[in-house]
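Source file: my_file-v8.txt. Holds: compact mmCIF, C-alpha atoms.
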# COMPACT_ATOMS: atom_id res chain seq x y z
CA MET D 1 109.34 74.11 89.44
CA ASN D 2 109.09 75.78 86.09
CA THR D 3 111.70 78.39 85.28
CA ILE D 4 109.03 81.09 85.14
CA ASP D 5 105.65 80.84 86.85
CA PHE D 6 103.27 82.27 84.27
CA ASP D 7 100.22 80.74 85.87
CA LYS D 8 100.34 82.60 89.19
CA SER D 9 99.39 85.94 87.72
CA GLY D 10 97.10 85.00 84.87
CA GLY D 11 99.71 84.35 82.21
CA LEU D 12 101.67 87.61 82.32
CA VAL D 13 104.77 88.41 84.35
CA PRO D 14 106.61 91.73 84.61
CA ALA D 15 109.90 91.96 82.76
CA ILE D 16 112.45 94.64 83.60
CA ALA D 17 114.95 95.71 80.95
CA GLN D 18 118.26 96.96 82.30
CA ASP D 19 121.10 98.36 80.21
CA ALA D 20 123.80 95.69 80.36
CA ASP D 21 126.58 98.29 80.17
CA THR D 22 125.40 101.24 82.27
CA GLY D 23 123.09 99.42 84.69
CA ALA D 24 120.30 101.92 83.99
CA VAL D 25 116.81 100.53 84.38
CA LEU D 26 115.27 101.20 80.98
CA MET D 27 111.65 100.04 81.21
CA LEU D 28 109.20 97.54 82.52
CA ALA D 29 106.90 95.58 80.25
CA TRP D 30 105.07 92.24 80.36
CA MET D 31 105.72 88.80 78.99
CA ASN D 32 103.53 85.80 78.41
CA ARG D 33 105.08 82.40 77.78
CA GLU D 34 105.18 82.94 74.03
CA ALA D 35 107.01 86.28 74.39
CA TYR D 36 109.48 84.72 76.82
CA GLU D 37 110.19 81.74 74.56
CA GLU D 38 110.71 83.96 71.52
CA THR D 39 112.99 86.24 73.55
CA ARG D 40 115.09 83.23 74.59
CA ARG D 41 115.23 81.88 71.07
CA THR D 42 115.95 85.09 69.17
CA ARG D 43 117.92 86.94 71.90
CA ARG D 44 115.83 90.01 71.14
CA ALA D 45 113.32 91.32 73.68
CA VAL D 46 109.74 90.39 72.88
CA TYR D 47 106.99 91.55 75.21
CA PHE D 48 103.25 91.17 75.36
CA SER D 49 101.44 94.47 74.84
CA ARG D 50 98.46 94.64 77.18
CA SER D 51 96.98 97.59 75.29
CA ARG D 52 97.31 95.99 71.84
CA ASN D 53 96.73 92.47 73.18
CA ARG D 54 99.45 90.94 71.05
CA LEU D 55 103.15 90.18 70.99
CA TRP D 56 105.28 93.28 70.84
CA ARG D 57 108.69 92.82 69.28
CA LYS D 58 110.41 95.81 70.86
CA GLY D 59 111.79 97.94 68.04
CA GLU D 60 109.43 96.55 65.38
CA GLU D 61 108.32 100.09 64.54
CA SER D 62 111.32 102.21 65.55
CA GLY D 63 114.12 99.81 64.71
CA HIS D 64 115.29 100.21 68.29
CA PHE D 65 115.59 96.55 69.18
CA GLN D 66 116.90 95.26 72.47
CA GLU D 67 119.64 92.67 72.14
CA VAL D 68 119.39 90.36 75.11
CA ARG D 69 122.67 89.63 76.86
CA GLU D 70 121.34 87.87 79.96
CA ILE D 71 118.00 86.65 81.30
CA LEU D 72 117.59 86.50 85.07
CA VAL D 73 114.67 85.31 87.14
CA ASP D 74 113.78 86.26 90.69
CA CYS D 75 113.39 84.10 93.79
CA ASP D 76 109.64 83.69 93.29
CA ALA D 77 110.04 82.87 89.59
CA ASP D 78 107.47 85.50 88.71
CA THR D 79 109.59 88.41 87.51
CA ILE D 80 112.14 88.54 84.69
CA LEU D 81 115.17 90.78 84.43
CA LEU D 82 116.71 91.25 80.99
CA LYS D 83 120.16 92.70 80.60
CA VAL D 84 120.10 94.28 77.18
CA HIS D 85 121.95 96.33 74.64
CA GLN D 86 119.51 99.00 73.50
CA ILE D 87 119.85 99.76 69.80
CA GLY D 88 119.43 103.48 69.10
CA GLY D 89 120.29 104.41 72.67
CA ALA D 90 116.73 104.96 73.84
CA ALA D 91 114.16 102.52 75.19
CA CYS D 92 111.34 105.01 75.72
CA HIS D 93 108.87 105.89 72.99
CA GLU D 94 109.10 109.48 74.20
CA GLY D 95 112.75 109.58 73.11
CA TYR D 96 114.50 109.15 76.44
CA ALA D 97 117.13 106.51 77.14
CA SER D 98 115.01 105.21 80.01
CA CYS D 99 111.26 105.33 80.56
CA PHE D 100 112.09 106.46 84.11
CA PHE D 101 113.00 110.02 83.16
CA ARG D 102 110.87 111.72 85.80
CA ARG D 103 111.62 112.05 89.49
CA VAL D 104 108.93 112.49 92.13
CA GLU D 105 109.74 115.51 94.26
CA ASP D 106 107.82 117.33 96.97
CA GLU D 107 106.67 119.94 94.48
CA GLY D 108 105.65 117.44 91.81
CA VAL D 109 107.30 115.49 89.04
CA LYS D 110 110.49 116.72 87.41
CA VAL D 111 112.07 115.57 84.15
CA ILE D 112 115.69 114.63 84.94
CA ALA D 113 116.92 113.36 81.57
CA GLU D 114 117.44 114.66 78.07
CA LYS D 115 115.91 113.19 74.96
CA VAL D 116 118.11 110.99 72.82
CA PHE D 117 115.85 111.27 69.81
CA ASP D 118 112.77 113.12 68.58
CA PRO D 119 109.83 110.71 68.63
CA LYS D 120 108.24 112.47 65.65
CA GLN D 121 111.24 111.54 63.52
CA VAL D 122 111.39 107.94 64.67
CA TYR D 123 107.72 107.06 64.69
CA LYS D 124 106.74 108.49 61.33
CA LYS D 125 103.08 108.13 60.59
CA MET S 1 97.45 113.48 85.23
CA ASN S 2 98.10 111.93 88.60
CA THR S 3 101.73 111.23 89.43
CA ILE S 4 101.00 107.51 89.55
CA ASP S 5 98.07 105.85 87.80
CA PHE S 6 96.87 103.32 90.37
CA ASP S 7 93.50 102.88 88.74
CA LYS S 8 94.65 101.44 85.43
CA SER S 9 95.73 98.11 86.90
CA GLY S 10 93.26 97.63 89.71
CA GLY S 11 95.04 99.60 92.40
CA LEU S 12 98.47 97.99 92.31
CA VAL S 13 101.51 99.05 90.31
CA PRO S 14 104.89 97.31 90.08
CA ALA S 15 107.74 98.94 91.97
CA ILE S 16 111.35 98.13 91.15
CA ALA S 17 114.00 98.61 93.83
CA GLN S 18 117.45 99.43 92.51
CA ASP S 19 120.57 99.83 94.62
CA ALA S 20 121.35 103.56 94.49
CA ASP S 21 125.09 102.94 94.72
CA THR S 22 125.76 99.84 92.63
CA GLY S 23 122.85 100.07 90.18
CA ALA S 24 121.92 96.43 90.86
CA VAL S 25 118.24 95.66 90.43
CA LEU S 26 117.31 94.24 93.82
CA MET S 27 113.68 93.19 93.56
CA LEU S 28 110.25 93.91 92.21
CA ALA S 29 107.24 94.27 94.46
CA TRP S 30 103.85 96.01 94.33
CA MET S 31 102.48 99.23 95.69
CA ASN S 32 98.99 100.51 96.24
CA ARG S 33 98.37 104.19 96.87
CA GLU S 34 98.73 103.79 100.62
CA ALA S 35 102.11 102.03 100.29
CA TYR S 36 103.30 104.71 97.89
CA GLU S 37 102.23 107.57 100.13
CA GLU S 38 103.86 106.02 103.19
CA THR S 39 107.04 105.40 101.18
CA ARG S 40 107.13 109.05 100.16
CA ARG S 41 106.47 110.26 103.69
CA THR S 42 108.85 107.98 105.59
CA ARG S 43 111.53 107.55 102.88
CA ARG S 44 111.49 103.83 103.63
CA ALA S 45 110.14 101.35 101.08
CA VAL S 46 106.64 100.13 101.85
CA TYR S 47 105.03 97.65 99.50
CA PHE S 48 101.69 95.89 99.31
CA SER S 49 102.04 92.15 99.81
CA ARG S 50 99.69 90.35 97.46
CA SER S 51 100.08 87.05 99.34
CA ARG S 52 99.43 88.57 102.77
CA ASN S 53 97.00 91.16 101.43
CA ARG S 54 98.38 93.95 103.58
CA LEU S 55 101.04 96.65 103.66
CA TRP S 56 104.54 95.24 103.87
CA ARG S 57 107.09 97.51 105.43
CA LYS S 58 110.19 96.00 103.88
CA GLY S 59 112.49 94.98 106.74
CA GLU S 60 109.75 94.82 109.36
CA GLU S 61 110.79 91.26 110.19
CA SER S 62 114.45 91.15 109.20
CA GLY S 63 115.45 94.71 110.10
CA HIS S 64 116.68 95.04 106.51
CA PHE S 65 114.90 98.26 105.63
CA GLN S 66 115.29 100.06 102.33
CA GLU S 67 116.14 103.74 102.68
CA VAL S 68 114.69 105.52 99.69
CA ARG S 69 117.01 107.97 97.95
CA GLU S 70 114.94 108.68 94.84
CA ILE S 71 111.50 107.86 93.49
CA LEU S 72 111.11 107.76 89.71
CA VAL S 73 108.04 107.14 87.61
CA ASP S 74 107.87 105.86 84.06
CA CYS S 75 106.37 107.44 80.94
CA ASP S 76 103.02 105.70 81.40
CA ALA S 77 102.87 106.60 85.11
CA ASP S 78 102.19 102.98 85.97
CA THR S 79 105.56 101.73 87.20
CA ILE S 80 107.71 103.03 90.04
CA LEU S 81 111.49 102.85 90.33
CA LEU S 82 112.98 103.32 93.79
CA LYS S 83 116.67 104.01 94.22
CA VAL S 84 117.47 102.66 97.64
CA HIS S 85 120.12 101.98 100.19
CA GLN S 86 119.54 98.40 101.32
CA ILE S 87 120.23 97.96 105.03
CA GLY S 88 121.92 94.62 105.74
CA GLY S 89 123.20 94.34 102.18
CA ALA S 90 120.55 91.92 100.99
CA ALA S 91 117.07 92.51 99.62
CA CYS S 92 116.13 88.86 99.07
CA HIS S 93 114.54 86.75 101.77
CA GLU S 94 116.74 83.91 100.58
CA GLY S 95 119.81 85.84 101.70
CA TYR S 96 121.04 87.18 98.38
CA ALA S 97 121.77 90.84 97.69
CA SER S 98 119.31 90.76 94.79
CA CYS S 99 116.28 88.57 94.21
CA PHE S 100 117.63 88.11 90.68
CA PHE S 101 120.36 85.65 91.65
CA ARG S 102 119.56 83.05 88.98
CA ARG S 103 120.40 83.20 85.31
CA VAL S 104 118.43 81.36 82.65
CA GLU S 105 120.80 79.29 80.54
CA ASP S 106 120.23 76.74 77.82
CA GLU S 107 120.71 73.90 80.29
CA GLY S 108 118.43 75.42 82.92
CA VAL S 109 118.70 77.95 85.72
CA LYS S 110 122.04 78.67 87.38
CA VAL S 111 122.69 80.53 90.66
CA ILE S 112 125.17 83.30 89.90
CA ALA S 113 125.46 85.05 93.28
CA GLU S 114 126.59 84.24 96.80
CA LYS S 115 124.47 84.59 99.89
CA VAL S 116 125.06 87.64 102.05
CA PHE S 117 123.29 86.15 105.05
CA ASP S 118 121.75 82.90 106.25
CA PRO S 119 117.96 83.27 106.16
CA LYS S 120 117.61 80.91 109.14
CA GLN S 121 119.55 83.33 111.30
CA VAL S 122 117.69 86.42 110.12
CA TYR S 123 114.13 85.13 110.10
CA LYS S 124 114.07 83.41 113.47
CA LYS S 125 110.78 81.80 114.29

Structure rendered as structure tokens:
Amino acid sequence: MNTIDFDKSGGLVPAIAQDADTGAVLMLAWMNREAYEETRRTRRAVYFSRSRNRLWRKGEESGHFQEVREILVDCDADTILLKVHQIGGAACHEGYASCFFRRVEDEGVKVIAEKVFDPKQVYKK
Amino acid sequence: MNTIDFDKSGGLVPAIAQDADTGAVLMLAWMNREAYEETRRTRRAVYFSRSRNRLWRKGEESGHFQEVREILVDCDADTILLKVHQIGGAACHEGYASCFFRRVEDEGVKVIAEKVFDPKQVYKK
């Protein structure tokens, strides 16, 4: 069996990034084989952007790279878990440490985190 | 905006289960709207099994239900994070606490966890 089964789901598998120190789940993105191989080689998280249809070297715009400490694979070999050190303290393009900054409650969705940075300052146009 | 965007990816979104106490990432599965609504209502994790093409009430066979403590949604509203209490101590059908029990190393893949239960005893045929 291959380490990762990219064929099962059309070439892309989900990749979860978890903070290696705090255990916080930071984000979920997608990897094709090329992204996975570059991630292994460079020890920096590289994803495949479905919207831009190209490799996405996390941090290429913001400087907020993810240093990869560990790569884990699940029982079905179709999901990747990266344990990372998040440069800049925030994985989310909206400025939060984690992309999961909203909790679903009976009344609706509630923001439960505070911003680490101001996206307007980081993503200067 | 809807709480969860099920339409973007053809009706299914990835759902990560994280142990609410230890922070361990337990597994990744998929949810359609029906699975999500039942999860919210019952506070037990319900996924959509792509291989069986039906709702999968996690623990329906093993008794190892996931009690849902929190439901979080990411910035793009297309990934769900469940914080759960895992009954039986193991989320993986292979008997490990987490499905991510293998680490990718230069030499190959290495099992880095110990089994919590013997699958043959739990999934009796």

### Task
Give me, as number ranges by chain, the contact residues of chain D against chain S at a cut-off of 10 Å, counting only C-alpha atoms.
D: 2-4, 14-16, 18, 22-29, 40-41, 70-82, 92-94, 96, 98-106, 108-112

Keeping only C-alpha atoms, take the residues you just selected and write them out as a PDB file, keeping the file's coordinate frame.
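Just written: again_8.pdb:
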ATOM      1  CA  ASN D   2     109.090  75.780  86.090  1.00  0.00           C
ATOM      2  CA  THR D   3     111.700  78.390  85.280  1.00  0.00           C
ATOM      3  CA  ILE D   4     109.030  81.090  85.140  1.00  0.00           C
ATOM      4  CA  PRO D  14     106.610  91.730  84.610  1.00  0.00           C
ATOM      5  CA  ALA D  15     109.900  91.960  82.760  1.00  0.00           C
ATOM      6  CA  ILE D  16     112.450  94.640  83.600  1.00  0.00           C
ATOM      7  CA  GLN D  18     118.260  96.960  82.300  1.00  0.00           C
ATOM      8  CA  THR D  22     125.400 101.240  82.270  1.00  0.00           C
ATOM      9  CA  GLY D  23     123.090  99.420  84.690  1.00  0.00           C
ATOM     10  CA  ALA D  24     120.300 101.920  83.990  1.00  0.00           C
ATOM     11  CA  VAL D  25     116.810 100.530  84.380  1.00  0.00           C
ATOM     12  CA  LEU D  26     115.270 101.200  80.980  1.00  0.00           C
ATOM     13  CA  MET D  27     111.650 100.040  81.210  1.00  0.00           C
ATOM     14  CA  LEU D  28     109.200  97.540  82.520  1.00  0.00           C
ATOM     15  CA  ALA D  29     106.900  95.580  80.250  1.00  0.00           C
ATOM     16  CA  ARG D  40     115.090  83.230  74.590  1.00  0.00           C
ATOM     17  CA  ARG D  41     115.230  81.880  71.070  1.00  0.00           C
ATOM     18  CA  GLU D  70     121.340  87.870  79.960  1.00  0.00           C
ATOM     19  CA  ILE D  71     118.000  86.650  81.300  1.00  0.00           C
ATOM     20  CA  LEU D  72     117.590  86.500  85.070  1.00  0.00           C
ATOM     21  CA  VAL D  73     114.670  85.310  87.140  1.00  0.00           C
ATOM     22  CA  ASP D  74     113.780  86.260  90.690  1.00  0.00           C
ATOM     23  CA  CYS D  75     113.390  84.100  93.790  1.00  0.00           C
ATOM     24  CA  ASP D  76     109.640  83.690  93.290  1.00  0.00           C
ATOM     25  CA  ALA D  77     110.040  82.870  89.590  1.00  0.00           C
ATOM     26  CA  ASP D  78     107.470  85.500  88.710  1.00  0.00           C
ATOM     27  CA  THR D  79     109.590  88.410  87.510  1.00  0.00           C
ATOM     28  CA  ILE D  80     112.140  88.540  84.690  1.00  0.00           C
ATOM     29  CA  LEU D  81     115.170  90.780  84.430  1.00  0.00           C
ATOM     30  CA  LEU D  82     116.710  91.250  80.990  1.00  0.00           C
ATOM     31  CA  CYS D  92     111.340 105.010  75.720  1.00  0.00           C
ATOM     32  CA  HIS D  93     108.870 105.890  72.990  1.00  0.00           C
ATOM     33  CA  GLU D  94     109.100 109.480  74.200  1.00  0.00           C
ATOM     34  CA  TYR D  96     114.500 109.150  76.440  1.00  0.00           C
ATOM     35  CA  SER D  98     115.010 105.210  80.010  1.00  0.00           C
ATOM     36  CA  CYS D  99     111.260 105.330  80.560  1.00  0.00           C
ATOM     37  CA  PHE D 100     112.090 106.460  84.110  1.00  0.00           C
ATOM     38  CA  PHE D 101     113.000 110.020  83.160  1.00  0.00           C
ATOM     39  CA  ARG D 102     110.870 111.720  85.800  1.00  0.00           C
ATOM     40  CA  ARG D 103     111.620 112.050  89.490  1.00  0.00           C
ATOM     41  CA  VAL D 104     108.930 112.490  92.130  1.00  0.00           C
ATOM     42  CA  GLU D 105     109.740 115.510  94.260  1.00  0.00           C
ATOM     43  CA  ASP D 106     107.820 117.330  96.970  1.00  0.00           C
ATOM     44  CA  GLY D 108     105.650 117.440  91.810  1.00  0.00           C
ATOM     45  CA  VAL D 109     107.300 115.490  89.040  1.00  0.00           C
ATOM     46  CA  LYS D 110     110.490 116.720  87.410  1.00  0.00           C
ATOM     47  CA  VAL D 111     112.070 115.570  84.150  1.00  0.00           C
ATOM     48  CA  ILE D 112     115.690 114.630  84.940  1.00  0.00           C
TER      49      ILE D 112
END

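Atom CA of Glu34 of chain S sits 16.8 Å away from atom CA of Ser51 of chain S.
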
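Minimum atom-to-atom distances from S:Lys115, S:Ala20, S:Ser9, S:Lys120 to Val84 of chain S were compared using all atoms listed in the file, and the lowest value belongs to S:Ala20.
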
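Proximity ranking of D:Ala17, D:Gly95, D:Ser62, D:Gln86 relative to Glu114 of chain D places D:Gly95 first, based on only C-alpha atoms.
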
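Among D:Val68, D:Ala90, D:Val116, D:Met31, the residue with the shortest atom-to-atom distance to Arg54 of chain D, counting all atoms listed in the file, is D:Met31.
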
### Task
Work out how far atom CA of Lys58 of chain S is from atom CA of Asp118 of chain S, in Å to one decimal.
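Distance reported for this atom pair: 17.6 Å.
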
With all atoms of segment 81-96 of chain S from the file as input, state the centre and edge lengths in Å to one decimal of the axis-aligned box that has 6 Å extra on each side, as JSON.
{"center_x": 117.3, "center_y": 94.0, "center_z": 98.0, "size_x": 23.7, "size_y": 32.1, "size_z": 27.4}

### Task
Using atom CA of Glu61 of chain D and atom CA of Val13 of chain S as the two end points, give the distance in Å to one decimal.
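Distance reported for this atom pair: 26.7 Å.
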
### Query
At most 8 Å from (101.3, 98.4, 102.9), file frame, only C-alpha atoms: which residues, as a ChimeraX atom specification?
/S:31-32,34-35,46-49,54-57

Go ahead and dump the residues you just picked, C-alpha atoms, as a PDB file, in the coordinates of the input.
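Contents of the output file part-v2.pdb:
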ATOM      1  CA  MET S  31     102.480  99.230  95.690  1.00  0.00           C
ATOM      2  CA  ASN S  32      98.990 100.510  96.240  1.00  0.00           C
ATOM      3  CA  GLU S  34      98.730 103.790 100.620  1.00  0.00           C
ATOM      4  CA  ALA S  35     102.110 102.030 100.290  1.00  0.00           C
ATOM      5  CA  VAL S  46     106.640 100.130 101.850  1.00  0.00           C
ATOM      6  CA  TYR S  47     105.030  97.650  99.500  1.00  0.00           C
ATOM      7  CA  PHE S  48     101.690  95.890  99.310  1.00  0.00           C
ATOM      8  CA  SER S  49     102.040  92.150  99.810  1.00  0.00           C
ATOM      9  CA  ARG S  54      98.380  93.950 103.580  1.00  0.00           C
ATOM     10  CA  LEU S  55     101.040  96.650 103.660  1.00  0.00           C
ATOM     11  CA  TRP S  56     104.540  95.240 103.870  1.00  0.00           C
ATOM     12  CA  ARG S  57     107.090  97.510 105.430  1.00  0.00           C
TER      13      ARG S  57
END

### Query
From the list D:Ala45, D:Ile87, D:Asp7, D:Phe117, which residue is nearest Arg33 of chain D when using all atoms listed in the file?
D:Asp7

### Task
Can you work out which one of S:Ala113, S:Asp19, S:Val122, S:Lys8 has the shortest atom-to-atom distance to Gln66 of chain S, counting all atoms listed in the file?
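Nearest to Gln66 of chain S: S:Asp19.
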
### Message
So, with all atoms listed in the file as the atoms that count, which of S:Ala97, S:Asn53, S:Arg44, S:Phe6 lies closest to Arg69 of chain S?
### Response
S:Arg44
